[in-house]
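One file, model27.txt, carrying compact mmCIF, C-alpha atoms:
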```txt
# COMPACT_ATOMS: atom_id res chain seq x y z
CA MET D 78 -181.85 4.45 121.79
CA ASN D 79 -178.34 4.94 120.51
CA GLU D 80 -177.16 3.67 117.18
CA ARG D 81 -175.34 0.69 118.59
CA ALA D 82 -178.37 -0.68 120.42
CA GLU D 83 -180.71 -0.07 117.49
CA TRP D 84 -178.47 -1.77 114.97
CA CYS D 85 -177.18 -4.48 117.27
CA GLY D 86 -178.77 -7.29 115.27
CA LEU D 87 -177.31 -6.21 111.93
CA PHE D 88 -173.64 -7.07 112.09
CA THR D 89 -173.29 -10.69 113.00
CA ASN D 90 -169.83 -12.24 112.66
CA GLU D 91 -170.86 -13.76 109.37
CA SER D 92 -172.10 -10.52 107.81
CA ALA D 93 -169.01 -8.64 109.03
CA ARG D 94 -166.82 -11.34 107.47
CA ALA D 95 -168.83 -11.10 104.23
CA VAL D 96 -168.34 -7.33 104.17
CA MET D 97 -164.57 -7.72 104.59
CA THR D 98 -164.30 -10.18 101.68
CA VAL D 99 -166.44 -7.95 99.46
CA HIS D 100 -164.23 -4.99 100.40
CA ALA D 101 -161.07 -6.84 99.31
CA TRP D 102 -162.41 -7.77 95.88
CA VAL D 103 -163.91 -4.29 95.35
CA ARG D 104 -160.56 -2.68 96.16
CA PHE D 105 -158.85 -4.99 93.64
CA ALA D 106 -161.44 -4.08 90.99
CA ALA D 107 -160.89 -0.38 91.74
CA ILE D 108 -157.13 -0.69 91.27
CA VAL D 109 -157.48 -2.65 88.02
CA GLY D 110 -160.10 -0.21 86.75
CA ALA D 111 -157.97 2.85 87.56
CA CYS D 112 -154.87 1.36 85.90
CA SER D 113 -156.87 0.39 82.80
CA ALA D 114 -158.37 3.87 82.59
CA LEU D 115 -154.97 5.56 82.85
CA ILE D 116 -153.48 3.25 80.21
CA LEU D 117 -156.45 3.92 77.92
CA LEU D 118 -156.04 7.68 78.42
CA ALA D 119 -152.30 7.56 77.72
CA VAL D 120 -152.72 5.39 74.62
CA THR D 121 -155.50 7.66 73.33
CA VAL D 122 -153.42 10.82 73.72
CA VAL D 123 -150.30 9.30 72.15
CA ALA D 124 -152.15 7.60 69.29
CA SER D 125 -154.20 10.71 68.52
CA GLY D 126 -151.04 12.81 68.40
CA LEU D 127 -149.23 10.38 66.12
CA LEU D 128 -152.18 9.89 63.79
CA ALA D 129 -152.84 13.63 63.58
CA GLY D 130 -149.23 14.11 62.54
CA ASP D 131 -149.39 11.41 59.87
CA TYR D 132 -152.83 12.35 58.51
CA PRO D 133 -153.24 16.13 58.87
CA GLN D 134 -156.33 16.11 56.64
CA LEU D 135 -158.14 13.90 59.18
CA ARG D 136 -157.34 15.91 62.28
CA GLY D 137 -160.97 16.71 62.99
CA ALA D 138 -162.09 13.09 62.92
CA ILE D 139 -159.05 11.96 64.93
CA ALA D 140 -159.73 14.64 67.53
CA GLY D 141 -163.37 13.57 67.76
CA VAL D 142 -162.60 9.88 68.22
CA GLY D 143 -159.78 10.71 70.63
CA THR D 144 -162.12 12.85 72.71
CA LEU D 145 -164.62 10.00 72.82
CA TYR D 146 -162.02 7.56 74.11
CA ALA D 147 -160.70 10.13 76.57
CA CYS D 148 -164.20 10.68 77.97
CA CYS D 149 -164.60 6.92 78.26
CA ALA D 150 -161.32 6.72 80.18
CA LEU D 151 -162.33 9.58 82.49
CA GLY D 152 -165.65 7.85 83.17
CA MET D 153 -163.74 4.69 84.07
CA LEU D 154 -161.55 6.71 86.42
CA CYS D 155 -164.62 8.15 88.15
CA ALA D 156 -166.08 4.66 88.51
CA ALA D 157 -162.77 3.37 89.92
CA PHE D 158 -162.66 6.26 92.43
CA LEU D 159 -166.21 5.50 93.57
CA LEU D 160 -165.30 1.83 93.94
CA ALA D 161 -162.24 2.75 96.01
CA ARG D 162 -164.34 4.93 98.33
CA TYR D 163 -166.95 2.17 98.55
CA SER D 164 -164.26 -0.32 99.50
CA ALA D 165 -162.86 1.98 102.20
CA LYS D 166 -166.31 2.52 103.70
CA LEU D 167 -167.03 -1.23 103.64
CA GLU D 168 -163.83 -1.86 105.56
CA SER D 169 -164.78 0.77 108.14
CA ALA D 170 -168.28 -0.66 108.44
CA ALA D 171 -166.98 -4.17 109.07
CA LYS D 172 -164.37 -3.04 111.63
CA LEU D 173 -166.63 -0.63 113.50
CA ARG D 174 -169.71 -2.86 113.04
CA ARG D 175 -171.86 0.19 112.36
CA ALA D 176 -174.59 0.02 109.79
CA SER D 177 -174.60 3.83 109.43
CA VAL D 178 -171.14 3.54 107.82
CA LEU D 179 -172.56 0.81 105.56
CA MET D 180 -175.26 3.25 104.49
CA GLU D 181 -172.57 5.79 103.53
CA ALA D 182 -170.87 3.06 101.52
CA LEU D 183 -174.08 2.36 99.64
CA THR D 184 -174.19 5.91 98.27
CA TYR D 185 -170.82 5.31 96.59
CA GLU D 186 -172.04 1.98 95.28
CA THR D 187 -175.12 3.67 93.80
CA GLY D 188 -172.91 6.16 91.98
CA TYR D 189 -170.77 3.35 90.59
CA TRP D 190 -173.78 1.42 89.31
CA MET D 191 -175.18 4.57 87.67
CA ILE D 192 -171.98 4.97 85.64
CA THR D 193 -171.92 1.24 84.85
CA ALA D 194 -175.56 1.26 83.73
CA ALA D 195 -174.91 4.21 81.41
CA TYR D 196 -171.86 2.47 79.91
CA ALA D 197 -173.78 -0.81 79.52
CA VAL D 198 -176.62 0.83 77.62
CA LEU D 199 -174.26 2.86 75.38
CA TRP D 200 -172.12 -0.19 74.65
CA PHE D 201 -175.17 -2.32 73.81
CA VAL D 202 -176.68 0.34 71.53
CA SER D 203 -173.38 0.89 69.69
CA THR D 204 -173.00 -2.87 69.18
CA VAL D 205 -176.53 -3.19 67.81
CA ILE D 206 -175.86 -0.31 65.41
CA THR D 207 -172.51 -1.64 64.14
CA PHE D 208 -173.36 -5.38 64.20
CA PRO D 209 -174.88 -5.69 60.68
CA GLN D 210 -171.88 -3.93 59.13
CA ALA D 211 -169.49 -6.16 61.13
CA VAL D 212 -171.23 -9.31 59.87
CA ASP D 213 -171.07 -8.01 56.30
CA ASP D 214 -167.34 -7.31 56.70
CA ILE D 215 -166.68 -10.83 58.06
CA VAL D 216 -168.66 -12.53 55.27
CA ALA D 217 -166.94 -10.34 52.62
CA SER D 218 -163.48 -11.20 53.95
CA VAL D 219 -164.28 -14.93 53.99
CA ARG D 220 -165.57 -14.77 50.39
CA HIS D 221 -162.50 -12.78 49.34
CA ARG D 222 -160.25 -15.43 50.88
CA GLN D 223 -162.19 -18.20 49.14
CA ALA D 224 -161.85 -16.37 45.82
CA GLN D 225 -158.09 -16.04 46.38
CA ILE D 226 -157.80 -19.79 47.06
CA SER D 227 -159.84 -20.56 43.95
CA ALA D 228 -157.66 -18.25 41.83
CA VAL D 229 -154.49 -19.95 43.09
CA GLU D 230 -156.01 -23.38 42.42
CA MET D 231 -156.98 -22.37 38.86
CA GLN D 232 -153.52 -20.99 38.18
CA ALA D 233 -151.83 -24.12 39.53
CA ALA D 234 -154.15 -26.36 37.51
CA ARG D 235 -152.61 -24.98 34.30
CA ALA D 236 -149.15 -26.23 35.35
CA PRO D 237 -148.08 -29.64 33.97
CA GLY D 238 -148.29 -32.53 36.44
CA TYR D 239 -150.76 -30.71 38.67
CA ARG D 240 -152.61 -32.72 41.29
CA ARG D 241 -155.74 -31.18 42.76
CA ARG D 242 -155.48 -30.52 46.50
CA VAL D 243 -158.32 -31.44 48.75
CA ASP D 244 -160.85 -28.66 49.20
CA PRO D 245 -159.95 -26.87 52.47
CA GLU D 246 -163.63 -26.37 53.27
CA GLU D 247 -163.96 -30.13 53.75
CA GLY D 248 -161.46 -29.88 56.61
CA ALA D 249 -159.31 -32.69 55.30
CA ALA D 250 -156.44 -30.25 54.57
CA ILE D 251 -155.89 -29.87 58.35
CA PRO D 252 -153.45 -32.54 59.65
CA PRO D 253 -155.10 -35.00 62.05
CA PRO D 254 -153.04 -34.03 65.14
CA VAL D 255 -153.93 -30.36 64.59
CA ALA D 256 -157.58 -31.26 64.06
CA ILE D 257 -157.57 -33.27 67.31
CA GLY D 258 -155.97 -30.34 69.14
CA LEU D 259 -158.54 -27.91 67.73
CA ASN D 260 -161.40 -30.19 68.74
CA VAL D 261 -159.99 -30.66 72.25
CA GLY D 262 -159.59 -26.90 72.56
CA ALA D 263 -163.16 -26.38 71.38
CA ILE D 264 -164.47 -28.87 73.96
CA ALA D 265 -162.40 -27.26 76.74
CA PHE D 266 -163.65 -23.75 75.99
CA THR D 267 -167.26 -24.92 75.71
CA LEU D 268 -167.18 -26.90 78.96
CA THR D 269 -165.47 -24.04 80.84
CA GLY D 270 -168.06 -21.55 79.64
CA ALA D 271 -170.90 -23.90 80.55
CA ALA D 272 -169.35 -24.51 84.00
CA LEU D 273 -169.12 -20.77 84.66
CA ILE D 274 -172.78 -20.24 83.79
CA GLY D 275 -173.85 -23.33 85.76
CA LYS D 276 -171.95 -22.18 88.85
CA ALA D 277 -173.61 -18.76 88.64
CA LEU D 278 -177.04 -20.35 88.53
CA THR D 279 -176.53 -22.69 91.51
CA PRO D 280 -177.45 -21.29 94.94
CA ALA D 281 -174.66 -20.48 97.37
CA ARG D 282 -174.11 -23.02 100.12
CA ARG D 283 -174.78 -21.67 103.59
CA PRO D 284 -172.77 -23.14 106.53
CA ARG D 285 -174.67 -24.56 109.51
CA ASN D 286 -175.31 -22.34 112.52
CA SER D 287 -175.09 -19.34 110.22
CA LEU D 288 -177.10 -17.19 112.61
CA SER D 289 -174.58 -17.47 115.44
CA PRO D 290 -172.99 -14.09 116.30
CA MET T 70 -179.54 -13.64 119.75
CA PRO T 71 -182.99 -12.81 118.35
CA GLN T 72 -183.17 -11.17 114.96
CA SER T 73 -183.92 -7.47 115.49
CA ALA T 74 -185.95 -5.51 112.94
CA LEU T 75 -183.55 -3.45 110.88
CA PRO T 76 -184.25 0.18 110.00
CA ARG T 77 -185.87 0.44 106.62
CA GLU T 78 -183.58 3.29 105.52
CA LEU T 79 -180.89 0.75 104.80
CA PHE T 80 -183.10 -1.22 102.45
CA THR T 81 -184.46 1.96 100.86
CA LEU T 82 -180.90 2.68 99.81
CA TYR T 83 -180.52 -0.87 98.55
CA ARG T 84 -183.76 -0.59 96.57
CA ARG T 85 -182.15 2.18 94.51
CA HIS T 86 -179.63 -0.38 93.40
CA ALA T 87 -182.31 -2.80 92.25
CA GLU T 88 -183.30 -0.74 89.20
CA LEU T 89 -179.69 -0.08 88.19
CA LEU T 90 -178.78 -3.75 88.64
CA LEU T 91 -181.74 -4.71 86.46
CA VAL T 92 -180.47 -2.45 83.65
CA VAL T 93 -176.89 -3.71 83.81
CA GLY T 94 -177.81 -7.36 84.36
CA THR T 95 -180.39 -7.46 81.58
CA THR T 96 -178.11 -5.69 79.13
CA GLY T 97 -175.28 -8.10 79.86
CA ALA T 98 -177.51 -11.17 79.69
CA THR T 99 -179.02 -10.05 76.37
CA PHE T 100 -175.63 -9.32 74.88
CA GLY T 101 -174.27 -12.65 76.13
CA THR T 102 -177.22 -14.54 74.63
CA ALA T 103 -176.67 -12.82 71.27
CA LEU T 104 -172.99 -13.78 71.39
CA THR T 105 -173.99 -17.38 72.15
CA ALA T 106 -176.17 -17.41 69.02
CA LEU T 107 -173.23 -16.01 67.07
CA ALA T 108 -171.00 -18.75 68.53
CA VAL T 109 -173.42 -21.46 67.38
CA TRP T 110 -173.45 -19.97 63.88
CA MET T 111 -169.65 -19.79 63.82
CA ALA T 112 -169.34 -23.41 64.93
CA PHE T 113 -171.94 -24.97 62.62
CA GLY T 114 -172.97 -22.46 59.96
CA SER T 115 -169.81 -20.59 58.99
CA PRO T 116 -167.76 -21.36 55.86
CA TRP T 117 -164.56 -22.17 57.75
CA PRO T 118 -163.12 -25.70 58.01
CA GLY T 119 -164.85 -27.92 60.60
CA PRO T 120 -162.38 -28.07 63.54
CA LEU T 121 -161.36 -24.42 63.09
CA ALA T 122 -164.99 -23.28 63.00
CA ARG T 123 -165.75 -25.28 66.15
CA LEU T 124 -162.77 -23.71 67.96
CA PHE T 125 -163.83 -20.19 66.93
CA GLY T 126 -167.38 -20.92 68.02
CA SER T 127 -166.28 -22.31 71.39
CA VAL T 128 -164.01 -19.29 72.06
CA MET T 129 -166.92 -16.99 71.23
CA PHE T 130 -169.15 -19.04 73.59
CA PHE T 131 -166.52 -18.72 76.35
CA TYR T 132 -166.48 -14.95 75.80
CA ALA T 133 -170.29 -14.95 76.00
CA ALA T 134 -170.08 -16.93 79.28
CA LEU T 135 -167.70 -14.28 80.68
CA ILE T 136 -170.46 -11.72 80.08
CA ILE T 137 -173.47 -13.85 81.07
CA THR T 138 -172.01 -15.07 84.40
CA PRO T 139 -171.60 -11.66 86.10
CA SER T 140 -174.99 -10.63 84.70
CA ILE T 141 -176.57 -13.62 86.45
CA HIS T 142 -174.80 -12.67 89.69
CA LEU T 143 -176.13 -9.12 89.40
CA LEU T 144 -179.68 -10.29 88.78
CA ARG T 145 -179.46 -12.64 91.77
CA TYR T 146 -178.09 -9.76 93.86
CA ARG T 147 -181.14 -7.78 92.79
CA LEU T 148 -183.46 -10.65 93.78
CA ALA T 149 -181.74 -10.81 97.19
CA ILE T 150 -182.36 -7.07 97.63
CA LEU T 151 -186.05 -7.46 96.76
CA ALA T 152 -186.36 -10.44 99.12
CA ALA T 153 -184.72 -8.41 101.90
CA ASP T 154 -187.13 -5.57 101.20
CA GLU T 155 -190.01 -7.98 101.85
CA ALA T 156 -188.54 -9.27 105.12
CA PRO T 157 -185.59 -7.22 106.44
CA SER T 158 -183.22 -9.10 108.74
CA SER T 159 -179.50 -9.60 109.22
CA LEU T 160 -179.82 -12.93 107.40
CA ALA T 161 -181.27 -11.05 104.41
CA LEU T 162 -178.35 -8.61 104.57
CA THR T 163 -175.90 -11.52 104.66
CA ASP T 164 -177.61 -13.03 101.59
CA MET T 165 -177.24 -9.73 99.73
CA LEU T 166 -173.57 -9.50 100.73
CA ASP T 167 -173.03 -13.12 99.61
CA GLN T 168 -174.44 -12.37 96.17
CA GLN T 169 -172.40 -9.20 95.95
CA HIS T 170 -169.30 -11.15 97.02
CA ARG T 171 -169.88 -13.77 94.29
CA PHE T 172 -170.09 -11.01 91.68
CA TRP T 173 -166.93 -9.18 92.74
CA ARG T 174 -165.03 -12.44 93.21
CA PHE T 175 -165.87 -13.45 89.63
CA VAL T 176 -164.87 -10.01 88.30
CA GLY T 177 -161.61 -10.24 90.26
CA TRP T 178 -160.63 -13.69 88.97
CA ALA T 179 -161.67 -12.81 85.40
CA SER T 180 -159.51 -9.67 85.57
CA ILE T 181 -156.54 -11.71 86.82
CA ALA T 182 -157.00 -14.21 83.97
CA VAL T 183 -157.29 -11.47 81.33
CA LEU T 184 -154.21 -9.65 82.68
CA ALA T 185 -152.23 -12.91 82.69
CA ILE T 186 -153.19 -13.62 79.08
CA LEU T 187 -152.29 -10.05 78.05
CA PHE T 188 -148.88 -10.29 79.71
CA LEU T 189 -148.22 -13.68 78.10
CA ALA T 190 -149.21 -12.31 74.69
CA LEU T 191 -146.98 -9.27 75.20
CA ALA T 192 -144.07 -11.47 76.28
CA ALA T 193 -144.58 -13.73 73.27
CA GLN T 194 -144.71 -10.69 70.99
CA LEU T 195 -141.51 -9.24 72.44
CA GLY T 196 -139.81 -12.64 72.35
CA SER T 197 -140.66 -13.20 68.69
CA ARG T 198 -139.33 -9.76 67.69
CA ARG T 199 -135.86 -10.50 69.10
```

structure tokens encoding of this file:
Amino acid sequence: MNERAEWCGLFTNESARAVMTVHAWVRFAAIVGACSALILLAVTVVASGLLAGDYPQLRGAIAGVGTLYACCALGMLCAAFLLARYSAKLESAAKLRRASVLMEALTYETGYWMITAAYAVLWFVSTVITFPQAVDDIVASVRHRQAQISAVEMQAARAPGYRRRVDPEEGAAIPPPVAIGLNVGAIAFTLTGAALIGKALTPARRPRNSLSP
Amino acid sequence: MPQSALPRELFTLYRRHAELLLVVGTTGATFGTALTALAVWMAFGSPWPGPLARLFGSVMFFYAALIITPSIHLLRYRLAILAADEAPSSLALTDMLDQQHRFWRFVGWASIAVLAILFLALAAQLGSRR
């Protein structure tokens, strides 16, 4: 039994159409990923060179961080290449309607997801490690700003004819139109985020007669 | 046309993806959930003024949604693979491709939106310098 007869039930019109749409988006993602990786690589090289010139005593640390970013960019380039190959194979599979070509495409997809999984785990671990320090930095900067405001208020209070301003933490220092705009913006962002998550959770609609070739 | 039984080699290849998709999807969903908790704190527990804190919190929640949504698509793609492994058919393959399509379509549109915002910010920056 030749390949065509054995796999004749696989590529219906609908699945071939689905493969073509997936191929288009994957190719777009590959292009964006490759451009981002090249920009990251260029920025890393230029910034490392400039910083090493300005801070010669920190050359070792700058080289280390620069190498890290360069490796990240090269990993992104590899992932983009795998995506591009995957996209090309998907297109061939849909045009030729051969599942053996789809199987070749899946090997590229596996490679891409391996790189993505490694990046995801590294990114998550690094965030967990740096998160407590980041929270401390945010709280410290807010307290520093509050102390600055208090110092300015105390200094102004010594001036004759001083009138105490409303405490900014109460929110009344923000003009009403600005406050309305901020609240509208907050509602818009929240609803958009909720809509995205809701759409992801709803099942995809299938057209009628979806099994027709 | 009757549904023919598909060779299992195809779904063996797809099963390799299932473990990797679980890692990526779970990591993204966990990170997105943590960001959502941070967004709630920023909106209601932070020391900033009320409307400003709510805006910061909502932007953080939107960012969390941009991470949670593709993670959900990946986990559903994985479920489609496992379902196809139970009962291979061209309909099962189409379901897997649909889920994959939803993921890549979201990534594509999110990339377009991010690039548009970056270009606008760059244009605003260049315009303000002149």

Top pick for closest residue to Thr89 of chain D, considering D:Val202, D:Val229, D:Ile192, D:Ala171 and counting only C-alpha atoms: D:Ala171

Hey, can I get the axis-aligned box for segment 96-108 of chain T? All listed atoms, 6 Å padding on each side, centre and edge lengths in Å to one decimal, as JSON.
```
{"center_x": -175.0, "center_y": -12.2, "center_z": 73.5, "size_x": 20.0, "size_y": 25.1, "size_z": 24.8}
```

From the set T:Leu90, T:Leu79, T:Leu191, T:Leu143, which residue has the shortest atom-to-atom contact distance to Gly188 of chain D, counting all atoms listed in the file?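 The answer is T:Leu90, which sits nearest to Gly188 of chain D.
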
Applying 12 Å and only C-alpha atoms, which residues near Leu104 of chain T remain after dropping the ones on its own chain fewer than 5 positions away? List them as a list in words. Phe201, Thr204, Val205 and Phe208 of chain D; Gly97, Ala98, Thr99, Val109, Trp110, Met111, Gly126, Ser127, Val128, Met129, Phe130, Phe131, Tyr132, Ala133, Ala134, Leu135, Ile136 and Ile137 of chain T

Would you kindly return, as an MDAnalysis selection string, each protein, DNA or RNA residue with an atom no farther than 7 Å from any atom of Trp173 of chain T, considering all atoms listed in the file and excluding same-chain residues fewer than 5 positions away? chainID D and resid 99 102:103

Return the neighbours of chain D among the residues of chain T, cut-off 8 Å, counting only C-alpha atoms, as an MDAnalysis selection string. chainID T and resid 70:76 79 82:83 85:86 89:90 92:93 96:97 100 116:121 123:128 130:135 137:139 141:142 158:160 162:163 166:167 169:170 173:174 176:177 180

In Å, with one decimal, what is the gap from atom CA of Ala149 of chain T to atom CA of Leu159 of chain D?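 Atom CA of Leu159 of chain D lies 22.8 Å from atom CA of Ala149 of chain T.
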
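Here atom CA of Leu144 of chain T is placed at a distance of 23.8 Å from atom CA of Lys166 of chain D.
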
For atom CA of Arg162 of chain D and atom CA of Ala182 of chain D, quote the distance in Å rounded to one decimal.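 Atom CA of Ala182 of chain D lies at a distance of 7.5 Å from atom CA of Arg162 of chain D.
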
Find the residues around Ala152 of chain T up to 10 Å (all atoms listed in the file counted), leave out those fewer than 5 positions away in its own chain, and share them as a ChimeraX atom specification. /T:146-147,157,161-162,164-165

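Shortest separation to Gly141 of chain D among D:Ser164, D:Ala129, D:Arg174, D:Asp213 occurs at residue D:Ala129, atoms counted being only C-alpha atoms.
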
Missing atoms in segment 76-100 of chain T need filling: write out N, CA, C and O atoms for it as a PDB file, in the coordinates of the input.
```pdb
ATOM      1  N   PRO T  76    -183.640  -1.038 110.537  1.00  0.00           N
ATOM      2  CA  PRO T  76    -184.250   0.180 110.000  1.00  0.00           C
ATOM      3  C   PRO T  76    -184.435   0.075 108.498  1.00  0.00           C
ATOM      4  O   PRO T  76    -183.591  -0.445 107.777  1.00  0.00           O
ATOM      5  N   ARG T  77    -185.547   0.603 108.032  1.00  0.00           N
ATOM      6  CA  ARG T  77    -185.870   0.440 106.620  1.00  0.00           C
ATOM      7  C   ARG T  77    -185.046   1.364 105.740  1.00  0.00           C
ATOM      8  O   ARG T  77    -185.011   1.173 104.517  1.00  0.00           O
ATOM      9  N   GLU T  78    -184.380   2.375 106.350  1.00  0.00           N
ATOM     10  CA  GLU T  78    -183.580   3.290 105.520  1.00  0.00           C
ATOM     11  C   GLU T  78    -182.498   2.533 104.767  1.00  0.00           C
ATOM     12  O   GLU T  78    -182.178   2.852 103.615  1.00  0.00           O
ATOM     13  N   LEU T  79    -181.950   1.511 105.455  1.00  0.00           N
ATOM     14  CA  LEU T  79    -180.890   0.750 104.800  1.00  0.00           C
ATOM     15  C   LEU T  79    -181.413   0.099 103.537  1.00  0.00           C
ATOM     16  O   LEU T  79    -180.771   0.134 102.478  1.00  0.00           O
ATOM     17  N   PHE T  80    -182.583  -0.513 103.609  1.00  0.00           N
ATOM     18  CA  PHE T  80    -183.100  -1.220 102.450  1.00  0.00           C
ATOM     19  C   PHE T  80    -183.694  -0.265 101.425  1.00  0.00           C
ATOM     20  O   PHE T  80    -183.822  -0.614 100.254  1.00  0.00           O
ATOM     21  N   THR T  81    -184.060   0.939 101.851  1.00  0.00           N
ATOM     22  CA  THR T  81    -184.460   1.960 100.860  1.00  0.00           C
ATOM     23  C   THR T  81    -183.277   2.303  99.974  1.00  0.00           C
ATOM     24  O   THR T  81    -183.429   2.433  98.757  1.00  0.00           O
ATOM     25  N   LEU T  82    -182.105   2.432 100.600  1.00  0.00           N
ATOM     26  CA  LEU T  82    -180.900   2.680  99.810  1.00  0.00           C
ATOM     27  C   LEU T  82    -180.629   1.506  98.877  1.00  0.00           C
ATOM     28  O   LEU T  82    -180.270   1.695  97.718  1.00  0.00           O
ATOM     29  N   TYR T  83    -180.780   0.288  99.390  1.00  0.00           N
ATOM     30  CA  TYR T  83    -180.520  -0.870  98.550  1.00  0.00           C
ATOM     31  C   TYR T  83    -181.524  -0.958  97.404  1.00  0.00           C
ATOM     32  O   TYR T  83    -181.202  -1.437  96.320  1.00  0.00           O
ATOM     33  N   ARG T  84    -182.748  -0.496  97.637  1.00  0.00           N
ATOM     34  CA  ARG T  84    -183.760  -0.590  96.570  1.00  0.00           C
ATOM     35  C   ARG T  84    -183.378   0.262  95.379  1.00  0.00           C
ATOM     36  O   ARG T  84    -183.730  -0.060  94.231  1.00  0.00           O
ATOM     37  N   ARG T  85    -182.634   1.363  95.636  1.00  0.00           N
ATOM     38  CA  ARG T  85    -182.150   2.180  94.510  1.00  0.00           C
ATOM     39  C   ARG T  85    -181.277   1.355  93.596  1.00  0.00           C
ATOM     40  O   ARG T  85    -181.257   1.546  92.389  1.00  0.00           O
ATOM     41  N   HIS T  86    -180.514   0.445  94.219  1.00  0.00           N
ATOM     42  CA  HIS T  86    -179.630  -0.380  93.400  1.00  0.00           C
ATOM     43  C   HIS T  86    -180.409  -1.323  92.502  1.00  0.00           C
ATOM     44  O   HIS T  86    -179.933  -1.680  91.431  1.00  0.00           O
ATOM     45  N   ALA T  87    -181.591  -1.739  92.958  1.00  0.00           N
ATOM     46  CA  ALA T  87    -182.310  -2.800  92.250  1.00  0.00           C
ATOM     47  C   ALA T  87    -182.590  -2.417  90.802  1.00  0.00           C
ATOM     48  O   ALA T  87    -182.403  -3.234  89.895  1.00  0.00           O
ATOM     49  N   GLU T  88    -183.012  -1.162  90.574  1.00  0.00           N
ATOM     50  CA  GLU T  88    -183.300  -0.740  89.200  1.00  0.00           C
ATOM     51  C   GLU T  88    -182.032  -0.702  88.359  1.00  0.00           C
ATOM     52  O   GLU T  88    -182.015  -1.142  87.207  1.00  0.00           O
ATOM     53  N   LEU T  89    -180.948  -0.152  88.932  1.00  0.00           N
ATOM     54  CA  LEU T  89    -179.690  -0.080  88.190  1.00  0.00           C
ATOM     55  C   LEU T  89    -179.149  -1.482  87.897  1.00  0.00           C
ATOM     56  O   LEU T  89    -178.652  -1.748  86.797  1.00  0.00           O
ATOM     57  N   LEU T  90    -179.256  -2.390  88.862  1.00  0.00           N
ATOM     58  CA  LEU T  90    -178.780  -3.750  88.640  1.00  0.00           C
ATOM     59  C   LEU T  90    -179.600  -4.443  87.566  1.00  0.00           C
ATOM     60  O   LEU T  90    -179.071  -5.252  86.789  1.00  0.00           O
ATOM     61  N   LEU T  91    -180.905  -4.127  87.500  1.00  0.00           N
ATOM     62  CA  LEU T  91    -181.740  -4.710  86.460  1.00  0.00           C
ATOM     63  C   LEU T  91    -181.259  -4.266  85.084  1.00  0.00           C
ATOM     64  O   LEU T  91    -181.169  -5.077  84.152  1.00  0.00           O
ATOM     65  N   VAL T  92    -180.931  -2.969  84.944  1.00  0.00           N
ATOM     66  CA  VAL T  92    -180.470  -2.450  83.650  1.00  0.00           C
ATOM     67  C   VAL T  92    -179.168  -3.147  83.236  1.00  0.00           C
ATOM     68  O   VAL T  92    -179.051  -3.686  82.126  1.00  0.00           O
ATOM     69  N   VAL T  93    -178.198  -3.143  84.154  1.00  0.00           N
ATOM     70  CA  VAL T  93    -176.890  -3.710  83.810  1.00  0.00           C
ATOM     71  C   VAL T  93    -176.995  -5.214  83.586  1.00  0.00           C
ATOM     72  O   VAL T  93    -176.458  -5.756  82.611  1.00  0.00           O
ATOM     73  N   GLY T  94    -177.703  -5.911  84.480  1.00  0.00           N
ATOM     74  CA  GLY T  94    -177.810  -7.360  84.360  1.00  0.00           C
ATOM     75  C   GLY T  94    -178.538  -7.785  83.088  1.00  0.00           C
ATOM     76  O   GLY T  94    -178.111  -8.704  82.381  1.00  0.00           O
ATOM     77  N   THR T  95    -179.624  -7.111  82.780  1.00  0.00           N
ATOM     78  CA  THR T  95    -180.390  -7.460  81.580  1.00  0.00           C
ATOM     79  C   THR T  95    -179.593  -7.170  80.317  1.00  0.00           C
ATOM     80  O   THR T  95    -179.607  -7.972  79.365  1.00  0.00           O
ATOM     81  N   THR T  96    -178.925  -6.022  80.302  1.00  0.00           N
ATOM     82  CA  THR T  96    -178.110  -5.690  79.130  1.00  0.00           C
ATOM     83  C   THR T  96    -177.030  -6.739  78.908  1.00  0.00           C
ATOM     84  O   THR T  96    -176.830  -7.223  77.781  1.00  0.00           O
ATOM     85  N   GLY T  97    -176.342  -7.096  79.978  1.00  0.00           N
ATOM     86  CA  GLY T  97    -175.280  -8.100  79.860  1.00  0.00           C
ATOM     87  C   GLY T  97    -175.824  -9.451  79.430  1.00  0.00           C
ATOM     88  O   GLY T  97    -175.246 -10.118  78.562  1.00  0.00           O
ATOM     89  N   ALA T  98    -176.947  -9.868  80.025  1.00  0.00           N
ATOM     90  CA  ALA T  98    -177.510 -11.170  79.690  1.00  0.00           C
ATOM     91  C   ALA T  98    -177.975 -11.202  78.231  1.00  0.00           C
ATOM     92  O   ALA T  98    -177.776 -12.196  77.517  1.00  0.00           O
ATOM     93  N   THR T  99    -178.568 -10.110  77.763  1.00  0.00           N
ATOM     94  CA  THR T  99    -179.020 -10.050  76.370  1.00  0.00           C
ATOM     95  C   THR T  99    -177.829 -10.116  75.418  1.00  0.00           C
ATOM     96  O   THR T  99    -177.853 -10.861  74.425  1.00  0.00           O
ATOM     97  N   PHE T 100    -176.807  -9.327  75.725  1.00  0.00           N
ATOM     98  CA  PHE T 100    -175.630  -9.320  74.880  1.00  0.00           C
ATOM     99  C   PHE T 100    -174.961 -10.697  74.870  1.00  0.00           C
ATOM    100  O   PHE T 100    -174.532 -11.202  73.824  1.00  0.00           O
TER     101      PHE T 100
END
```
